[in-house]
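**Student:** What follows is the file work18.txt, containing compact mmCIF, C-alpha atoms:
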# COMPACT_ATOMS: atom_id res chain seq x y z
CA MET A 1 0.00 0.00 0.00
CA LEU A 2 2.83 2.41 0.74
CA PHE A 3 5.23 1.65 -2.12
CA PRO A 4 3.20 3.69 -4.62
CA VAL A 5 3.09 6.62 -2.21
CA PHE A 6 6.81 6.41 -1.51
CA LEU A 7 7.76 5.94 -5.16
CA GLY A 8 5.21 8.37 -6.56
CA GLN A 9 3.84 5.70 -8.91
CA ARG A 10 0.29 4.63 -9.59
CA VAL A 11 -0.63 1.03 -8.95
CA PRO A 12 -1.96 -0.76 -12.04
CA PRO A 13 -5.77 -1.09 -11.63
CA GLU A 14 -5.71 -4.89 -11.87
CA THR A 15 -3.02 -5.07 -9.17
CA LEU A 16 -4.99 -2.75 -6.92
CA ALA A 17 -8.18 -4.75 -7.44
CA SER A 18 -6.52 -8.08 -6.64
CA THR A 19 -4.74 -6.61 -3.61
CA LEU A 20 -7.97 -5.16 -2.22
CA ALA A 21 -9.78 -8.45 -2.85
CA GLU A 22 -7.07 -10.35 -0.95
CA LEU A 23 -7.20 -7.79 1.87
CA ASP A 24 -10.97 -8.20 2.06
CA ARG A 25 -10.60 -12.00 2.21
CA CYS A 26 -8.05 -11.71 5.02
CA LEU A 27 -10.21 -9.27 6.99
CA GLN A 28 -13.20 -11.59 6.65
CA LEU A 29 -11.07 -14.48 7.93
CA LEU A 30 -9.93 -12.35 10.86
CA GLU A 31 -13.54 -11.59 11.78
CA ASP A 32 -14.92 -15.08 11.15
CA LYS A 33 -12.19 -17.16 12.76
CA PHE A 34 -10.46 -15.02 15.35
CA LEU A 35 -13.07 -12.47 16.43
CA LYS A 36 -16.04 -14.77 15.98
CA ASP A 37 -17.09 -14.91 19.62
CA GLN A 38 -14.35 -13.19 21.56
CA ASP A 39 -13.17 -9.66 22.23
CA PHE A 40 -9.56 -10.12 21.17
CA LEU A 41 -7.74 -12.34 18.69
CA SER A 42 -6.62 -14.97 21.16
CA GLY A 43 -9.27 -14.71 23.84
CA PRO A 44 -10.92 -12.35 26.29
CA HIS A 45 -7.79 -10.25 26.93
CA ILE A 46 -5.48 -8.25 24.70
CA SER A 47 -2.33 -10.07 23.60
CA VAL A 48 0.72 -9.57 21.42
CA ALA A 49 -1.36 -10.97 18.54
CA ASP A 50 -3.69 -7.99 18.78
CA LEU A 51 -0.82 -5.51 18.89
CA VAL A 52 0.89 -7.02 15.85
CA ALA A 53 -2.38 -7.24 13.91
CA ILE A 54 -3.48 -3.68 14.63
CA THR A 55 -0.08 -2.39 13.54
CA GLU A 56 -0.40 -4.19 10.22
CA LEU A 57 -3.99 -3.08 9.72
CA MET A 58 -3.10 0.56 10.23
CA HIS A 59 -0.94 0.47 7.06
CA PRO A 60 -3.86 0.40 4.62
CA VAL A 61 -5.61 3.02 6.78
CA SER A 62 -2.57 5.27 6.45
CA ALA A 63 -2.73 4.90 2.66
CA GLY A 64 -6.35 6.08 2.64
CA CYS A 65 -8.13 2.71 2.73
CA ASP A 66 -10.43 2.78 5.77
CA ILE A 67 -10.76 -0.95 6.34
CA PHE A 68 -12.76 -0.43 9.53
CA LYS A 69 -15.54 1.69 7.99
CA SER A 70 -17.67 -1.14 6.59
CA ARG A 71 -16.68 -3.75 9.18
CA PRO A 72 -18.37 -3.08 12.54
CA LYS A 73 -16.91 -6.19 14.20
CA LEU A 74 -13.38 -5.19 13.18
CA ALA A 75 -14.00 -1.56 14.16
CA ALA A 76 -15.22 -2.64 17.61
CA TRP A 77 -12.08 -4.77 18.03
CA ARG A 78 -9.93 -1.78 17.06
CA GLN A 79 -11.69 0.32 19.70
CA ARG A 80 -11.11 -2.38 22.34
CA VAL A 81 -7.41 -2.56 21.43
CA GLU A 82 -7.12 1.22 21.55
CA ALA A 83 -8.89 1.33 24.91
CA ALA A 84 -6.67 -1.44 26.33
CA VAL A 85 -3.49 0.28 25.18
CA GLY A 86 -4.69 3.78 25.95
CA GLU A 87 -5.73 6.31 23.32
CA ASP A 88 -2.60 8.47 23.67
CA LEU A 89 -0.19 5.55 23.35
CA PHE A 90 -2.21 4.10 20.44
CA GLN A 91 -2.07 7.41 18.56
CA GLU A 92 1.63 7.85 19.33
CA ALA A 93 2.45 4.33 18.14
CA HIS A 94 0.75 4.95 14.78
CA ALA A 95 1.66 8.63 14.30
CA VAL A 96 4.50 8.05 11.85
CA ILE A 97 2.66 5.56 9.65
CA MET A 98 -0.45 7.76 9.58
CA LYS A 99 1.64 10.59 8.12
CA ALA A 100 3.29 8.41 5.46
CA LYS A 101 0.85 9.34 2.70
CA ASP A 102 1.76 13.00 3.21
CA LEU A 103 5.48 12.43 2.66
CA PRO A 104 7.00 13.55 -0.63
CA PRO A 105 8.04 10.76 -3.01
CA ALA A 106 11.57 9.40 -2.68
CA ASP A 107 14.39 11.08 -4.56
CA THR A 108 15.45 9.75 -7.95
CA ALA A 109 18.43 7.74 -6.66
CA MET A 110 16.32 5.96 -4.06
CA LYS A 111 13.61 5.25 -6.63
CA GLU A 112 16.16 3.63 -8.91
CA ARG A 113 17.47 1.42 -6.11
CA LEU A 114 13.95 0.36 -5.16
CA LYS A 115 12.64 0.00 -8.71
CA PRO A 116 13.28 -3.77 -9.04
CA LEU A 117 11.54 -4.48 -5.74
CA ALA A 118 8.64 -2.18 -6.57
CA GLN A 119 8.16 -3.80 -9.97
CA LEU A 120 8.11 -7.22 -8.34
CA LEU A 121 5.57 -6.13 -5.70
CA LEU A 122 3.35 -4.19 -8.10
CA GLN A 123 2.94 -7.01 -10.63
Re-express the file's structure as structure tokens.
**Tutor:**
Amino acid sequence: MLFPVFLGQRVPPETLASTLAELDRCLQLLEDKFLKDQDFLSGPHISVADLVAITELMHPVSAGCDIFKSRPKLAAWRQRVEAAVGEDLFQEAHAVIMKAKDLPPADTAMKERLKPLAQLLLQ
């Protein structure tokens, strides 16, 4: 999600569509299997699993894809994680990633070094 922002390149529409479809499938799995009948991913209390997952899920949010908007179960889980961690610490932990979309694209030399990786990821 962030490579296009960092490199200043548009993602091919078919790549974006398949990536969003895979993200949707993973989010559905998260809700159906892990949050089915419990407050947190591994039980009734917050765990490292929740902290790792919320960190990963904030990446698409930072790129402008609000994955929580149409998923009330996932949004409620996010609120429980934020409440367990504390709102200030939660916001502080995600401050840098939430500003990533506002960063200028990388300079030309960095783009050239990352080009092979970006091409591989954006296929």
**Student:** Rank A:Leu89, A:Ile46, A:Leu41, A:Leu16 by their smallest atom-to-atom distance to A:Leu74, using only C-alpha atoms, and report the top residue only.
**Tutor:** A:Leu41
**Student:** Measuring between only C-alpha atoms, which one of A:Cys65, A:Leu20, A:Lys115, A:Leu30 shows the shortest distance to A:Lys101?
**Tutor:**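 Of all the options, A:Cys65 lies closest to A:Lys101.
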**Student:** Would you please work out which residue, of A:Ala17, A:Ala93, A:Val85, A:Met110, is nearest to A:Met58 when using only C-alpha atoms?
**Tutor:**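 Of A:Ala17, A:Ala93, A:Val85, A:Met110, the one nearest A:Met58, counting only C-alpha atoms, is A:Ala93.
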**Student:** Which residue, A:Leu23, A:Val11, A:Ala84, A:Ile67, has the smallest gap to A:Pro44 when you use all atoms listed in the file?
**Tutor:**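 Closest to A:Pro44 of all the choices is A:Ala84.
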**Student:** Kindly indicate which residue among A:Asp24, A:Asp50, A:Trp77, A:Phe68 lies nearest to A:Lys36, using all atoms listed in the file for the distances.
**Tutor:**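 So, comparing all the options, the nearest one is A:Trp77.
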**Student:** So how many Å separate atom CA of A:Phe90 and atom CA of A:Arg25, to one decimal?
**Tutor:**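 Taking atom CA of A:Phe90 and atom CA of A:Arg25, their separation equals 25.7 Å.
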**Student:** Could you tell me how far atom CA of A:Lys99 lies from atom CA of A:Ala63, in Å and to one decimal?
**Tutor:** 9.0 Å
**Student:** In Å, with one decimal, what is the gap from atom CA of A:Phe34 to atom CA of A:Gln91?
**Tutor:**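 We find that atom CA of A:Phe34 and atom CA of A:Gln91 lie 24.2 Å from each other.
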**Student:** Tell me which protein, DNA and RNA residues are within 12 Å of A:Phe40, counting all atoms listed in the file, leaving out same-chain ones fewer than 2 positions away, and put them as a PyMOL selection string.
**Tutor:** chain A and resi 30-31+33-38+42-51+53-54+73-82+84
**Student:** In terms of the shortest atom-to-atom distance over only C-alpha atoms, which of A:Leu117, A:Ala100, A:Ala95, A:Leu27 is closest to A:Ser70?
**Tutor:**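 Checking each candidate against A:Ser70, we get A:Leu27 as the closest.
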